[in-house]
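Heads up: the structure comes next, in structure tokens.
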Amino acid sequence: MPDEMVLTIPFSKIYARPAYKRSEKAIFLLKRKISRLAKVSSVKVSPELNKIIWERGDTLRRRNIKVRVKVNREEDLAEVEPFTENAQEQESKEEQEKKE
């Protein structure tokens with residue numbers, strides 16, 4: 001059964017790199033941090049997350065990113081995708097705030 005966790009990955013160390021090398025380094029840093037935290041040997045980045053990181057070419061404009069990590073211990077694999085709350089969860093939060 002896969003485990004799941006939500007993490008915020010800071011990209012502060014990337015800004016020491018030249019602007020034209022930041023997205024490449026961000027992918028490397030993301031995979032390294034996830035593999036260390038999830039204790040797996042391979043990390044698979046979803047196409048949606050890859051598109052977010054590379055949206056301006058190699059010049060990364062984000063300081064951090066919130067991701068959802070699904071860990072499959074049997075296959076020694078972690079799948080990383082961008083974190084988005086479900087629309088139902090957002091609606092229920094808004095309703096609770098209105099009631100209070």
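Identifiers in this document derive from the order of the structure tokens: chains are assigned A, B, ..., residues are numbered from 1 separately in each chain, and ligands are numbered from 1 in order of occurrence.
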
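Close contacts of segment 33-46 of chain A, defined as residues with an atom at most 7 Å away when counting only C-alpha atoms, with chain neighbours fewer than 4 positions off set aside, comprise A:Leu29, A:Asn50, A:Val71, A:Asp76, A:Leu77, A:Ala78, A:Glu79, A:Val80, A:Glu81.
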
Problem set entry | Residue list (strand (DSSP E), DSSP) for chain A, as a PyMOL selection string | chain A and resi 3-10+42-45+64-72+77-82

For this session: Could you please determine the separation between atom CA of Arg68 of chain A and atom CA of Trp54 of chain A in Å, to one decimal place?
Result: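 Separation of atom CA of Arg68 of chain A and atom CA of Trp54 of chain A: 18.1 Å.
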
Problem set entry | d(atom CA of Asn72 of chain A, atom CA of Thr84 of chain A) in Å |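 Here the two named atoms are 20.4 Å from each other.
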
For this session: Find the spatial neighbours of Ile52 of chain A, counting only C-alpha atoms, within a cut-off of 12 Å - ignore same-chain residues fewer than 3 positions away - and output them as number ranges by chain.
Result: A: 23, 26-27, 45-49, 55-62, 64-67, 81-83

Okay, now the selection with C-alpha atoms, as a short mmCIF file (atom, residue, chain, number, x, y, z; two decimals), in the first residue's frame?
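The resulting file, out_1.cif, is reproduced below:
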```
data_model
loop_
_atom_site.label_atom_id
_atom_site.label_comp_id
_atom_site.auth_asym_id
_atom_site.auth_seq_id
_atom_site.Cartn_x
_atom_site.Cartn_y
_atom_site.Cartn_z
CA SER A 23 15.22 24.55 -13.61
CA ALA A 26 15.58 22.29 -9.32
CA ILE A 27 14.66 18.88 -10.74
CA VAL A 45 8.27 13.42 -11.43
CA SER A 46 4.80 13.87 -12.93
CA PRO A 47 4.42 15.72 -16.24
CA GLU A 48 2.29 18.40 -14.50
CA LEU A 49 5.04 19.18 -11.98
CA GLU A 55 7.19 26.90 -17.59
CA ARG A 56 9.68 29.75 -18.20
CA GLY A 57 12.39 27.63 -19.72
CA ASP A 58 15.47 27.13 -17.61
CA THR A 59 14.98 30.31 -15.55
CA LEU A 60 13.11 29.13 -12.47
CA ARG A 61 11.01 31.88 -10.88
CA ARG A 62 9.71 29.97 -7.84
CA ASN A 64 9.46 26.91 -3.22
CA ILE A 65 6.87 24.42 -4.36
CA LYS A 66 4.32 22.29 -2.52
CA VAL A 67 4.20 18.68 -3.71
CA GLU A 81 3.01 15.55 -8.30
CA PRO A 82 2.01 19.15 -7.57
CA PHE A 83 -0.18 19.58 -4.50
#
```

9 Å contact set for Ser12 of chain A, only C-alpha atoms, chain neighbours under 3 positions out, as an mmCIF file with N, CA and C atoms, in the first residue's frame:
```cif
data_model
loop_
_atom_site.group_PDB
_atom_site.id
_atom_site.type_symbol
_atom_site.label_atom_id
_atom_site.label_comp_id
_atom_site.auth_asym_id
_atom_site.auth_seq_id
_atom_site.Cartn_x
_atom_site.Cartn_y
_atom_site.Cartn_z
ATOM 1 N N TYR A 15 19.194 29.669 -6.239
ATOM 2 C CA TYR A 15 19.411 31.043 -6.681
ATOM 3 C C TYR A 15 20.876 31.449 -6.643
ATOM 4 N N ALA A 16 21.757 30.586 -6.177
ATOM 5 C CA ALA A 16 23.197 30.823 -6.286
ATOM 6 C C ALA A 16 23.693 30.445 -7.684
ATOM 7 N N ARG A 63 10.379 30.250 -5.538
ATOM 8 C CA ARG A 63 11.252 30.076 -4.372
ATOM 9 C C ARG A 63 11.004 28.747 -3.669
ATOM 10 N N ASN A 64 9.782 28.218 -3.787
ATOM 11 C CA ASN A 64 9.462 26.913 -3.220
ATOM 12 C C ASN A 64 8.253 26.341 -3.954
#
```

Exercise. If you measure from atom CA of Val69 of chain A to atom CA of Glu4 of chain A, what distance in Å do you get, rounded to one decimal?
Worked result: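 Atom CA of Glu4 of chain A lies 5.6 Å from atom CA of Val69 of chain A.
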
Exercise. Taking the backbone alone, and naming residues the way the document does, which bits of segment 3-68 of chain A are alpha helix (DSSP H) by DSSP, as a PyMOL selection string?
Worked result: chain A and resi 22-38+47-53
